[in-house]
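Asks: Provided below: entry.tsv, containing TSV, C-alpha atoms.
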```tsv
chain	number	residue	atom	x	y	z
B	705	MET	CA	12.24	19.21	56.80
B	706	ALA	CA	15.72	19.83	55.46
B	707	ASP	CA	15.98	19.69	51.71
B	708	THR	CA	19.59	18.52	51.69
B	709	VAL	CA	21.43	15.83	53.59
B	710	THR	CA	25.16	15.52	54.31
B	711	LEU	CA	27.03	12.30	53.68
B	712	ALA	CA	30.48	11.65	55.14
B	713	VAL	CA	32.03	9.23	52.67
B	714	THR	CA	35.29	7.33	53.03
B	715	ARG	CA	37.76	8.15	50.27
B	716	TYR	CA	40.87	6.14	49.56
B	717	ARG	CA	42.86	6.78	46.42
B	718	PRO	CA	45.80	4.37	46.56
B	719	GLU	CA	47.86	6.46	44.12
B	720	GLN	CA	47.82	9.48	46.43
B	721	ASP	CA	46.49	8.57	49.89
B	722	ALA	CA	48.50	6.78	52.57
B	723	GLU	CA	45.29	5.96	54.39
B	724	PRO	CA	41.56	6.56	53.95
B	725	THR	CA	40.15	10.02	54.52
B	726	VAL	CA	36.62	11.31	54.87
B	727	GLN	CA	34.96	13.61	52.36
B	728	THR	CA	31.59	15.19	52.96
B	729	TYR	CA	29.02	15.72	50.25
B	730	GLU	CA	25.73	17.53	50.34
B	731	VAL	CA	22.99	15.89	48.32
B	732	PRO	CA	19.29	16.66	47.91
B	733	TYR	CA	17.08	15.00	50.46
B	734	ARG	CA	14.24	12.92	49.04
B	735	LYS	CA	12.00	10.79	51.15
B	736	ASP	CA	12.15	7.91	48.69
B	737	TRP	CA	15.94	7.99	48.26
B	738	VAL	CA	18.19	5.29	49.58
B	739	VAL	CA	21.89	5.77	50.36
B	740	LEU	CA	22.77	4.30	46.96
B	741	ASP	CA	20.64	6.98	45.24
B	742	ALA	CA	22.63	9.62	47.09
B	743	LEU	CA	25.93	8.01	46.01
B	744	ASN	CA	24.72	7.88	42.41
B	745	TYR	CA	23.81	11.55	42.65
B	746	ILE	CA	27.32	12.35	43.86
B	747	LYS	CA	28.88	10.28	41.10
B	748	ASP	CA	26.72	11.89	38.40
B	749	ARG	CA	26.58	15.50	39.54
B	750	VAL	CA	29.19	16.27	42.18
B	751	ASP	CA	32.29	14.12	42.03
B	752	GLY	CA	32.79	11.54	39.30
B	753	THR	CA	35.90	10.13	40.97
B	754	LEU	CA	33.97	8.42	43.78
B	755	SER	CA	34.15	4.62	43.41
B	756	TYR	CA	31.68	2.08	44.79
B	757	ARG	CA	29.99	-1.13	43.67
B	758	TRP	CA	26.37	-1.55	42.80
B	759	SER	CA	24.26	-3.29	40.24
B	760	CYS	CA	20.63	-4.24	40.69
B	761	ARG	CA	19.56	-1.56	43.23
B	762	MET	CA	16.82	-3.92	44.42
B	763	GLY	CA	18.41	-6.13	47.07
B	764	VAL	CA	19.16	-9.10	44.86
B	765	CYS	CA	22.71	-8.79	43.52
B	766	GLY	CA	24.45	-8.21	46.85
B	767	SER	CA	27.11	-5.85	45.53
B	768	CYS	CA	26.25	-2.54	47.24
B	769	GLY	CA	27.02	-3.58	50.83
B	770	MET	CA	28.67	-0.80	52.86
B	771	MET	CA	28.85	0.41	56.43
B	772	VAL	CA	26.20	3.07	57.04
B	773	ASN	CA	26.68	4.78	60.39
B	774	GLY	CA	28.82	1.82	61.40
B	775	GLU	CA	26.26	-0.81	60.51
B	776	ALA	CA	26.60	-3.24	57.60
B	777	LYS	CA	23.80	-2.43	55.13
B	778	LEU	CA	22.76	-2.93	51.55
B	779	THR	CA	22.81	0.72	50.51
B	780	CYS	CA	20.02	0.06	48.00
B	781	ALA	CA	17.71	-0.84	50.87
B	782	THR	CA	18.75	1.81	53.39
B	783	PHE	CA	16.64	4.95	53.26
B	784	LEU	CA	18.09	8.38	53.97
B	785	SER	CA	14.93	9.14	55.92
B	786	HIS	CA	15.90	6.44	58.42
B	787	TYR	CA	18.72	8.61	59.73
B	788	LYS	CA	17.88	11.59	61.86
B	789	ARG	CA	21.39	12.82	62.57
B	790	GLU	CA	23.78	14.18	60.01
B	791	PRO	CA	26.19	13.53	58.52
B	792	ILE	CA	25.40	9.97	57.51
B	793	ARG	CA	28.66	8.03	57.55
B	794	VAL	CA	29.24	5.79	54.54
B	795	GLU	CA	32.27	3.49	54.77
B	796	PRO	CA	33.49	0.41	52.94
B	797	LEU	CA	32.58	-2.98	54.45
B	798	SER	CA	34.57	-3.60	57.63
B	799	TYR	CA	37.43	-6.11	57.83
B	800	PHE	CA	37.96	-6.36	54.06
B	801	PRO	CA	40.98	-4.70	52.45
B	802	ILE	CA	40.02	-1.46	50.76
B	803	ILE	CA	40.93	-1.20	47.07
B	804	ARG	CA	39.53	2.26	46.44
B	805	ASP	CA	37.01	4.49	48.21
B	806	LEU	CA	34.08	2.18	49.02
B	807	VAL	CA	35.31	-0.79	47.01
B	808	VAL	CA	36.73	-3.72	48.97
B	809	ASP	CA	38.61	-6.82	47.90
B	810	ILE	CA	36.40	-9.90	48.20
B	811	THR	CA	38.91	-12.53	47.04
B	812	ASP	CA	39.16	-13.92	50.56
B	813	PHE	CA	35.43	-14.70	50.67
B	814	LEU	CA	35.43	-16.30	47.22
B	815	THR	CA	38.45	-18.48	48.07
B	816	LYS	CA	36.80	-19.68	51.28
B	817	LEU	CA	33.48	-20.31	49.57
B	818	LYS	CA	35.04	-22.89	47.28
B	819	LYS	CA	36.55	-24.77	50.22
B	820	VAL	CA	33.16	-26.04	51.43
B	821	LYS	CA	32.06	-27.26	47.98
B	822	PRO	CA	28.86	-25.21	47.74
B	823	TRP	CA	27.30	-27.34	45.07
B	824	ILE	CA	25.51	-30.69	44.95
B	825	VAL	CA	28.05	-33.49	45.25
B	826	ARG	CA	27.01	-36.96	44.11
B	827	GLU	CA	29.04	-40.10	44.62
B	828	LYS	CA	27.77	-41.27	41.29
B	829	GLU	CA	25.61	-39.43	38.79
B	830	LYS	CA	22.82	-41.47	37.30
B	831	PRO	CA	22.41	-41.28	33.56
B	832	LEU	CA	19.39	-39.37	32.32
B	833	ALA	CA	18.53	-42.35	30.17
B	834	GLU	CA	17.20	-44.04	33.28
B	835	GLY	CA	14.26	-41.71	33.15
B	836	PRO	CA	12.56	-39.55	35.74
B	837	SER	CA	12.56	-40.54	39.36
B	838	THR	CA	9.57	-42.08	40.98
B	839	LEU	CA	8.07	-41.39	44.34
B	840	ARG	CA	8.26	-44.17	46.86
B	841	PRO	CA	4.61	-45.15	47.32
B	842	GLY	CA	2.96	-43.63	50.35
B	843	SER	CA	6.04	-41.90	51.78
B	844	GLY	CA	6.34	-38.99	49.38
B	845	GLN	CA	10.10	-39.61	49.45
B	846	ALA	CA	11.84	-39.44	46.12
B	847	LEU	CA	13.90	-42.40	45.01
B	848	LEU	CA	17.07	-40.56	44.18
B	849	GLY	CA	19.55	-41.51	41.56
B	850	THR	CA	17.10	-42.44	38.88
B	851	GLY	CA	18.01	-39.88	36.27
B	852	GLU	CA	16.21	-36.89	37.66
B	853	TYR	CA	16.57	-35.77	41.25
B	854	ARG	CA	13.17	-34.68	42.39
B	855	GLN	CA	12.40	-33.07	45.69
B	856	THR	CA	9.29	-32.72	47.76
B	857	PRO	CA	8.30	-29.32	49.21
B	858	GLU	CA	9.25	-30.68	52.66
B	859	GLN	CA	12.76	-31.52	51.45
B	860	LEU	CA	13.08	-28.08	49.87
B	861	GLU	CA	11.95	-26.45	53.10
B	862	LEU	CA	14.92	-27.96	54.98
B	863	TYR	CA	17.50	-25.81	53.17
B	864	LYS	CA	15.52	-23.08	51.45
B	865	GLN	CA	16.31	-20.43	54.06
B	866	PHE	CA	20.07	-20.93	53.63
B	867	SER	CA	19.76	-20.83	49.87
B	868	MET	CA	18.51	-17.23	50.01
B	869	CYS	CA	22.08	-15.97	50.55
B	870	ILE	CA	23.13	-13.37	47.96
B	871	ASN	CA	26.83	-13.31	48.95
B	872	CYS	CA	26.66	-9.65	49.96
B	873	MET	CA	29.14	-10.28	52.81
B	874	LEU	CA	27.37	-7.97	55.26
B	875	CYS	CA	27.66	-10.84	57.77
B	876	TYR	CA	31.45	-10.75	57.47
B	877	ALA	CA	31.53	-7.02	58.09
B	878	ALA	CA	29.41	-7.55	61.22
B	879	CYS	CA	31.47	-10.47	62.55
B	880	PRO	CA	34.19	-9.40	65.01
B	881	VAL	CA	35.55	-12.96	64.94
B	882	TYR	CA	36.31	-12.52	61.24
B	883	GLY	CA	37.91	-9.18	61.99
B	884	LEU	CA	40.15	-10.62	64.68
B	885	GLU	CA	40.78	-14.02	63.04
B	886	PRO	CA	40.92	-13.45	59.28
B	887	SER	CA	41.33	-17.21	58.71
B	888	PHE	CA	37.74	-17.86	59.91
B	889	LEU	CA	35.63	-19.34	57.10
B	890	GLY	CA	32.88	-16.99	58.20
B	891	PRO	CA	29.08	-16.85	58.44
B	892	ALA	CA	27.96	-16.96	54.81
B	893	VAL	CA	30.35	-19.76	53.81
B	894	LEU	CA	29.22	-21.95	56.72
B	895	ALA	CA	25.54	-21.19	56.09
B	896	LEU	CA	26.03	-22.13	52.44
B	897	ALA	CA	27.73	-25.36	53.51
B	898	GLN	CA	24.58	-26.09	55.52
B	899	ARG	CA	22.46	-25.22	52.50
B	900	TYR	CA	24.00	-28.20	50.67
B	901	ASN	CA	24.24	-30.44	53.74
B	902	HIS	CA	20.47	-30.23	54.14
B	903	ASP	CA	19.78	-30.87	50.47
B	904	SER	CA	18.36	-34.36	49.93
B	905	ARG	CA	20.25	-34.64	46.62
B	906	ASP	CA	23.66	-33.99	48.15
B	907	GLN	CA	26.02	-36.66	49.48
B	908	ALA	CA	29.00	-34.69	50.80
B	909	ALA	CA	27.79	-33.70	54.28
B	910	THR	CA	30.46	-35.80	56.03
B	911	GLU	CA	33.22	-34.38	53.85
B	912	ARG	CA	31.99	-30.83	54.48
B	913	LEU	CA	31.70	-31.45	58.21
B	914	GLU	CA	35.31	-32.59	58.32
B	915	ARG	CA	36.40	-29.47	56.44
B	916	CYS	CA	34.26	-27.14	58.55
B	917	SER	CA	35.41	-28.73	61.83
B	918	GLU	CA	38.99	-27.63	61.21
B	919	HIS	CA	40.57	-24.78	63.17
B	920	ASP	CA	39.14	-22.13	60.84
B	921	GLY	CA	35.59	-23.51	60.82
B	922	ILE	CA	32.48	-23.69	62.97
B	923	TRP	CA	34.30	-23.80	66.31
B	924	GLN	CA	35.82	-20.37	65.73
B	925	CYS	CA	32.35	-18.89	65.97
B	926	THR	CA	31.61	-17.46	69.41
B	927	PHE	CA	27.96	-16.77	68.57
B	928	VAL	CA	28.04	-13.00	68.60
B	929	GLY	CA	24.89	-13.28	66.51
B	930	GLU	CA	25.33	-10.01	64.60
B	931	CYS	CA	25.65	-11.80	61.25
B	932	SER	CA	22.00	-12.82	61.47
B	933	LYS	CA	20.90	-9.33	62.49
B	934	VAL	CA	22.48	-7.63	59.47
B	935	CYS	CA	21.50	-10.31	56.94
B	936	PRO	CA	19.13	-8.70	54.40
B	937	LYS	CA	17.73	-12.10	53.39
B	938	ASN	CA	17.05	-13.63	56.82
B	939	VAL	CA	19.43	-16.47	56.13
B	940	ASP	CA	20.35	-16.61	59.84
B	941	PRO	CA	23.98	-17.70	59.48
B	942	ALA	CA	24.40	-17.65	63.29
B	943	GLY	CA	21.65	-20.24	63.59
B	944	ALA	CA	23.17	-22.29	60.77
B	945	ILE	CA	26.55	-22.37	62.53
B	946	GLN	CA	25.11	-23.32	65.95
B	947	GLN	CA	23.11	-26.11	64.33
B	948	TYR	CA	26.27	-27.17	62.54
B	949	LYS	CA	28.14	-27.28	65.86
B	950	LEU	CA	25.38	-29.46	67.30
B	951	ALA	CA	25.56	-31.77	64.28
B	952	GLY	CA	29.35	-31.87	64.59
B	953	ALA	CA	29.18	-32.78	68.28
B	954	VAL	CA	26.60	-35.50	67.62
B	955	HIS	CA	28.74	-36.86	64.79
B	956	TRP	CA	31.79	-36.92	67.08
B	957	PHE	CA	29.90	-38.83	69.79
B	958	GLN	CA	28.58	-41.28	67.21
B	959	SER	CA	32.06	-41.91	65.83
B	960	LEU	CA	33.26	-42.47	69.41
B	961	LEU	CA	30.50	-44.94	70.28
B	962	LEU	CA	30.01	-46.57	66.89
B	963	PRO	CA	33.24	-46.12	64.92
B	964	TRP	CA	31.89	-48.31	62.16
B	965	GLY	CA	28.54	-46.52	61.81
B	966	THR	CA	29.51	-43.03	60.72
B	967	LYS	CA	31.34	-43.61	57.49
I	1087	MET	CA	59.45	-9.25	37.90
I	1088	PRO	CA	59.82	-10.98	41.27
I	1089	MET	CA	56.90	-10.95	43.68
I	1090	SER	CA	57.30	-8.26	46.27
I	1091	ASN	CA	55.52	-7.75	49.54
I	1092	ALA	CA	55.69	-3.99	49.25
I	1093	ALA	CA	52.38	-3.13	47.64
I	1094	HIS	CA	52.61	-0.34	45.12
I	1095	PRO	CA	49.88	0.97	42.87
I	1096	THR	CA	49.81	-0.03	39.25
I	1097	PRO	CA	46.68	-0.26	37.11
I	1098	PHE	CA	46.53	-4.02	37.71
I	1099	HIS	CA	47.96	-4.20	41.18
I	1100	PRO	CA	46.07	-1.85	43.46
I	1101	LYS	CA	47.54	-0.93	46.79
I	1102	TRP	CA	45.17	-2.19	49.40
I	1103	TYR	CA	44.46	-0.61	52.71
I	1104	ARG	CA	43.75	-2.89	55.64
I	1105	ARG	CA	42.32	-1.38	58.77
I	1106	ARG	CA	43.56	-2.76	62.06
I	1107	VAL	CA	40.85	-3.95	64.42
I	1108	SER	CA	41.03	-1.92	67.60
I	1109	VAL	CA	41.40	-3.72	70.93
I	1110	TRP	CA	38.32	-1.74	71.95
I	1111	TRP	CA	36.14	-2.94	69.08
I	1112	TRP	CA	33.53	-4.18	71.55
I	1113	LEU	CA	33.04	-0.69	72.94
I	1114	GLU	CA	32.16	0.75	69.54
I	1115	SER	CA	28.63	-0.55	69.68
I	1116	TRP	CA	26.27	-1.52	72.47
I	1117	ARG	CA	25.48	-4.80	70.66
I	1118	TYR	CA	29.09	-5.93	70.79
I	1119	ALA	CA	29.44	-4.76	74.39
I	1120	LYS	CA	26.43	-6.92	75.31
I	1121	PHE	CA	28.10	-9.89	73.64
I	1122	VAL	CA	31.36	-9.40	75.55
I	1123	LEU	CA	29.36	-8.99	78.76
I	1124	ARG	CA	27.64	-12.29	77.99
I	1125	GLU	CA	31.03	-13.95	77.51
I	1126	LEU	CA	32.28	-12.47	80.79
I	1127	THR	CA	29.37	-14.01	82.69
I	1128	SER	CA	31.26	-17.30	82.43
I	1129	LEU	CA	33.58	-15.91	85.13
I	1130	ALA	CA	30.60	-15.62	87.47
I	1131	VAL	CA	29.59	-19.20	86.64
I	1132	ALA	CA	33.15	-20.33	87.43
I	1133	PHE	CA	33.04	-18.31	90.67
I	1134	PHE	CA	29.90	-20.14	91.82
I	1135	ALA	CA	31.38	-23.49	90.82
I	1136	GLY	CA	34.50	-22.71	92.88
I	1137	LEU	CA	32.30	-21.66	95.79
I	1138	ALA	CA	30.38	-24.94	95.61
I	1139	LEU	CA	33.64	-26.92	95.72
I	1140	TRP	CA	34.83	-24.86	98.68
I	1141	LYS	CA	31.55	-25.57	100.45
I	1142	ILE	CA	31.85	-29.32	99.86
I	1143	ARG	CA	35.37	-29.23	101.27
I	1144	ALA	CA	34.11	-27.34	104.33
I	1145	ILE	CA	31.33	-29.88	104.88
I	1146	ALA	CA	33.80	-32.75	104.56
I	1147	ALA	CA	36.09	-31.10	107.12
I	1148	GLY	CA	33.42	-31.23	109.84
I	1149	PRO	CA	30.78	-29.03	111.52
I	1150	GLU	CA	33.24	-26.39	112.82
I	1151	ALA	CA	34.77	-25.89	109.42
I	1152	TYR	CA	31.30	-25.60	107.89
I	1153	ALA	CA	30.27	-23.02	110.50
I	1154	ARG	CA	33.42	-21.04	109.69
I	1155	PHE	CA	32.55	-21.25	106.00
I	1156	LEU	CA	29.02	-19.96	106.64
I	1157	GLU	CA	30.35	-17.13	108.76
I	1158	ARG	CA	32.78	-16.12	106.04
I	1159	MET	CA	29.95	-16.13	103.50
I	1160	GLN	CA	28.12	-13.53	105.60
I	1161	SER	CA	30.94	-11.01	105.33
I	1162	PRO	CA	30.06	-7.89	103.29
I	1163	LEU	CA	32.70	-8.80	100.72
I	1164	PHE	CA	31.14	-12.17	99.94
I	1165	LEU	CA	27.60	-10.81	100.05
I	1166	LEU	CA	28.61	-8.23	97.46
I	1167	LEU	CA	30.53	-10.75	95.34
I	1168	ASN	CA	27.62	-13.20	95.45
I	1169	GLY	CA	25.12	-10.50	94.57
I	1170	VAL	CA	27.11	-9.36	91.54
I	1171	ALA	CA	27.83	-12.94	90.47
I	1172	PHE	CA	24.15	-13.81	90.78
I	1173	LEU	CA	23.15	-10.96	88.46
I	1174	PHE	CA	25.76	-12.10	85.95
I	1175	VAL	CA	24.56	-15.72	86.11
I	1176	LEU	CA	20.98	-14.54	85.64
I	1177	TYR	CA	22.07	-12.59	82.53
I	1178	HIS	CA	23.93	-15.69	81.37
I	1179	ALA	CA	20.86	-17.91	81.82
I	1180	ILE	CA	18.42	-15.51	80.16
I	1181	THR	CA	20.60	-14.87	77.12
I	1182	TRP	CA	21.27	-18.62	76.89
I	1183	PHE	CA	17.57	-19.48	76.82
I	1184	ASN	CA	16.80	-16.69	74.38
I	1185	LEU	CA	19.44	-17.99	71.97
I	1186	ALA	CA	18.48	-21.66	72.34
I	1187	PRO	CA	16.06	-21.66	69.35
I	1188	LYS	CA	18.95	-20.70	67.04
I	1189	ALA	CA	20.77	-23.95	67.75
I	1190	MET	CA	17.69	-26.15	68.13
I	1191	THR	CA	15.56	-26.78	65.14
I	1192	ILE	CA	12.78	-29.14	66.08
I	1193	ARG	CA	10.35	-30.23	63.43
I	1194	VAL	CA	6.94	-31.62	64.17
I	1195	ARG	CA	5.32	-33.21	61.14
I	1196	GLY	CA	7.57	-31.27	58.79
I	1197	ALA	CA	6.87	-27.83	60.27
I	1198	ARG	CA	9.51	-26.07	62.33
I	1199	VAL	CA	8.52	-25.46	65.93
I	1200	PRO	CA	8.42	-21.66	66.41
I	1201	ASP	CA	11.21	-19.96	68.39
I	1202	TRP	CA	8.91	-18.79	71.19
I	1203	ALA	CA	7.78	-22.38	71.87
I	1204	ILE	CA	11.37	-23.57	72.26
I	1205	GLN	CA	12.15	-20.62	74.54
I	1206	ALA	CA	9.01	-21.28	76.58
I	1207	GLY	CA	9.98	-24.96	76.88
I	1208	ASN	CA	13.44	-24.02	78.14
I	1209	TYR	CA	12.09	-21.52	80.68
I	1210	LEU	CA	9.50	-24.04	81.83
I	1211	ALA	CA	12.19	-26.70	82.33
I	1212	TRP	CA	14.23	-24.12	84.28
I	1213	LEU	CA	11.25	-23.37	86.54
I	1214	VAL	CA	10.51	-27.05	87.12
I	1215	VAL	CA	14.13	-27.85	88.01
I	1216	SER	CA	14.27	-24.79	90.30
I	1217	ALA	CA	11.01	-25.82	92.00
I	1218	VAL	CA	12.32	-29.35	92.55
I	1219	ALA	CA	15.55	-27.95	94.00
I	1220	VAL	CA	13.61	-25.67	96.38
I	1221	TRP	CA	11.35	-28.57	97.38
I	1222	VAL	CA	14.35	-30.82	98.15
I	1223	LEU	CA	16.04	-28.07	100.19
I	1224	ARG	CA	12.86	-27.20	102.13
I	1225	ARG	CA	12.19	-30.84	102.99
I	1226	GLY	CA	15.67	-31.25	104.46
```
Using the file provided, produce a representation of the structure as structure tokens.

Replies:
Amino acid sequence: MADTVTLAVTRYRPEQDAEPTVQTYEVPYRKDWVVLDALNYIKDRVDGTLSYRWSCRMGVCGSCGMMVNGEAKLTCATFLSHYKREPIRVEPLSYFPIIRDLVVDITDFLTKLKKVKPWIVREKEKPLAEGPSTLRPGSGQALLGTGEYRQTPEQLELYKQFSMCINCMLCYAACPVYGLEPSFLGPAVLALAQRYNHDSRDQAATERLERCSEHDGIWQCTFVGECSKVCPKNVDPAGAIQQYKLAGAVHWFQSLLLPWGTK
Amino acid sequence: MPMSNAAHPTPFHPKWYRRRVSVWWWLESWRYAKFVLRELTSLAVAFFAGLALWKIRAIAAGPEAYARFLERMQSPLFLLLNGVAFLFVLYHAITWFNLAPKAMTIRVRGARVPDWAIQAGNYLAWLVVSAVAVWVLRRG
């Protein structure tokens, strides 16, 4: 077994480079090292000018997403031992503008995220003074709007999967639609819209559907399906979007047949 | 200072680099190539639909026209075209059924029906419809 491994890392220094270049680094090979460990080694021992984002190094914060051998990965969860051929290519996330080296600009994602109101929207908040909610006898269904908004495990189950998103944006880097149509709201934003649509406490599903049915929303998705494959949290944004399309189509038919019943 | 489109590096205004997406992006990885292939299968579906319309027109035009149509279908060109189109439609159908569970979430007593069950249901429905079609054709 080789005791070193070669990494081919994208460098882009805006003050001197017209476009990104590739720099190779040799780092010690350890079976228990992930790509992020190798980058940290480079930063500490070899070349302190290398820039990249990371924080938790345990797959929770979602900041160390990069392209490893062309595939969108959390570098904290991608072992060097997984790659047989050298050098291992480490590039910034695809389709995002590169600020420096492996650091990309994520403003676009954050701007789009706000557009779908990823929070619980209530028509009217009930005052806490009204006390905790009660369960409707026999049904296990919470009577909402009585101070506290309780949920049953079944109601939680409906959106829990989508709530696992850590905003790492690997799904954007894997989505050719986003690459070709930068206006597309994108996988994570639409999955997070579904996370709140399916929440029993939320009341803005119709509003979100109208927003997400616009030209930059669900219908842009051509179901490439790669977003779900690269997702480190099994959120399945591709599934979320297809289900959203189905819901949108049903809603459209309903509004056609019963114009008074959908508002 | 007026806003300028020409990006230049300052400590607070980094010069970004945006990569252009190549026209050949779908050839960079087998997974994307498979997706584009799946999209292209719609051409084969359209081809068969056109063929069906042509056939109906031939039937409406009388027995001689229909015989001419059948003869034309036996030419090597159409045999080849039909063979290729059939493979594409098969790929279309299989990928469609395999992806069906993504769009369909069916819950029975609160629990989500597993993906394989939805796929099996789709394939079963396909078999039943095909069997009925064969039965109708054989009878006539």

Asks: Could you list, as a list in words, every residue within 12 Å of segment 1138-1145 of chain I, counting all atoms listed in the file and ignoring same-chain residues fewer than 3 positions away?

Replies: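 Near neighbours after the sequence-gap exclusion: Val1131, Ala1132, Phe1133, Phe1134, Ala1135, Gly1148, Pro1149, Glu1150, Ala1151, Tyr1152, Ala1153, Arg1154, Phe1155, Leu1156, Glu1157, Arg1158 and Met1159 of chain I.
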
Asks: Give me, as an NGL selection string, the residues of chain I touching chain B, with the criterion being at most 10 Å (counting all atoms listed in the file).

Replies: :I and (1094-1097 or 1099-1109 or 1111-1112 or 1114-1115 or 1117-1118 or 1120-1122 or 1124-1125 or 1185-1191 or 1193 or 1195-1198)

Asks: Between atom CA of Gln898 of chain B and atom CA of Lys937 of chain B, what distance in Å does the model show, to one decimal?

Replies: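 Between atom CA of Gln898 of chain B and atom CA of Lys937 of chain B the gap is 15.7 Å.
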
Asks: Could you work out how far atom CA of Val825 of chain B lies from atom CA of Ser867 of chain B, giving the answer in Å with one decimal?

Replies: 15.8 Å

Asks: Neighbours of Val794 of chain B within 8 Å (all atoms listed in the file; same-chain residues fewer than 2 positions away dropped), as a PyMOL selection string?

Replies: chain B and resi 711-714+770-774+792+796

Asks: Could those residues be written to a file, using C-alpha atoms, as a PDB file, in the frame of the given file?

Replies:
```pdb
ATOM      1  CA  LEU B 711      27.030  12.300  53.680  1.00  0.00           C
ATOM      2  CA  ALA B 712      30.480  11.650  55.140  1.00  0.00           C
ATOM      3  CA  VAL B 713      32.030   9.230  52.670  1.00  0.00           C
ATOM      4  CA  THR B 714      35.290   7.330  53.030  1.00  0.00           C
ATOM      5  CA  MET B 770      28.670  -0.800  52.860  1.00  0.00           C
ATOM      6  CA  MET B 771      28.850   0.410  56.430  1.00  0.00           C
ATOM      7  CA  VAL B 772      26.200   3.070  57.040  1.00  0.00           C
ATOM      8  CA  ASN B 773      26.680   4.780  60.390  1.00  0.00           C
ATOM      9  CA  GLY B 774      28.820   1.820  61.400  1.00  0.00           C
ATOM     10  CA  ILE B 792      25.400   9.970  57.510  1.00  0.00           C
ATOM     11  CA  PRO B 796      33.490   0.410  52.940  1.00  0.00           C
TER      12      PRO B 796
END
```

Asks: Could you check which of B:Val739, B:Ala776, B:Ile810, B:Ile824 is closest to Gln907 of chain B, using all atoms listed in the file?

Replies: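 Going through B:Val739, B:Ala776, B:Ile810, B:Ile824 one by one, the smallest distance to Gln907 of chain B is for B:Ile824.
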
Asks: Which distance in Å separates atom CA of Cys916 of chain B and atom CA of Ala897 of chain B, to one decimal?

Replies: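 According to the coordinates, atom CA of Cys916 of chain B and atom CA of Ala897 of chain B are separated by 8.4 Å.
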
Asks: Which is closer to Thr856 of chain B than all the others in B:Thr782, B:Thr910, B:Thr815, B:Ser904, using only C-alpha atoms?

Replies: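 Of B:Thr782, B:Thr910, B:Thr815, B:Ser904, the one nearest Thr856 of chain B is B:Ser904, counting only C-alpha atoms.
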
Asks: Listed atoms of segment 1158-1174 of chain I, axis-aligned box, 3 Å per side: centre and edge lengths to one decimal in Å, as AutoDock Vina command-line options?

Replies:
```
--center_x 28.0 --center_y -12.0 --center_z 96.0 --size_x 15.6 --size_y 14.2 --size_z 26.1
```

Asks: Between B:Lys777, B:Lys818, B:Lys735, B:His786, which has the minimum distance to Gly763 of chain B (counting all atoms listed in the file)?

Replies: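 Counting all atoms listed in the file, the residue closest to Gly763 of chain B is B:Lys777.
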
Asks: Need to verify the contact set: Ala1179 of chain I, 10 Å, all atoms listed in the file, exclusion of same-chain residues closer than 4 positions in sequence. Can you return it as a list of chain:residue names?

Replies: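 Counting all atoms listed in the file, the residues come to I:Arg1124, I:Thr1127, I:Leu1173, I:Phe1174, I:Val1175, I:Phe1183, I:Asn1184, I:Leu1185, I:Tyr1209, I:Trp1212.
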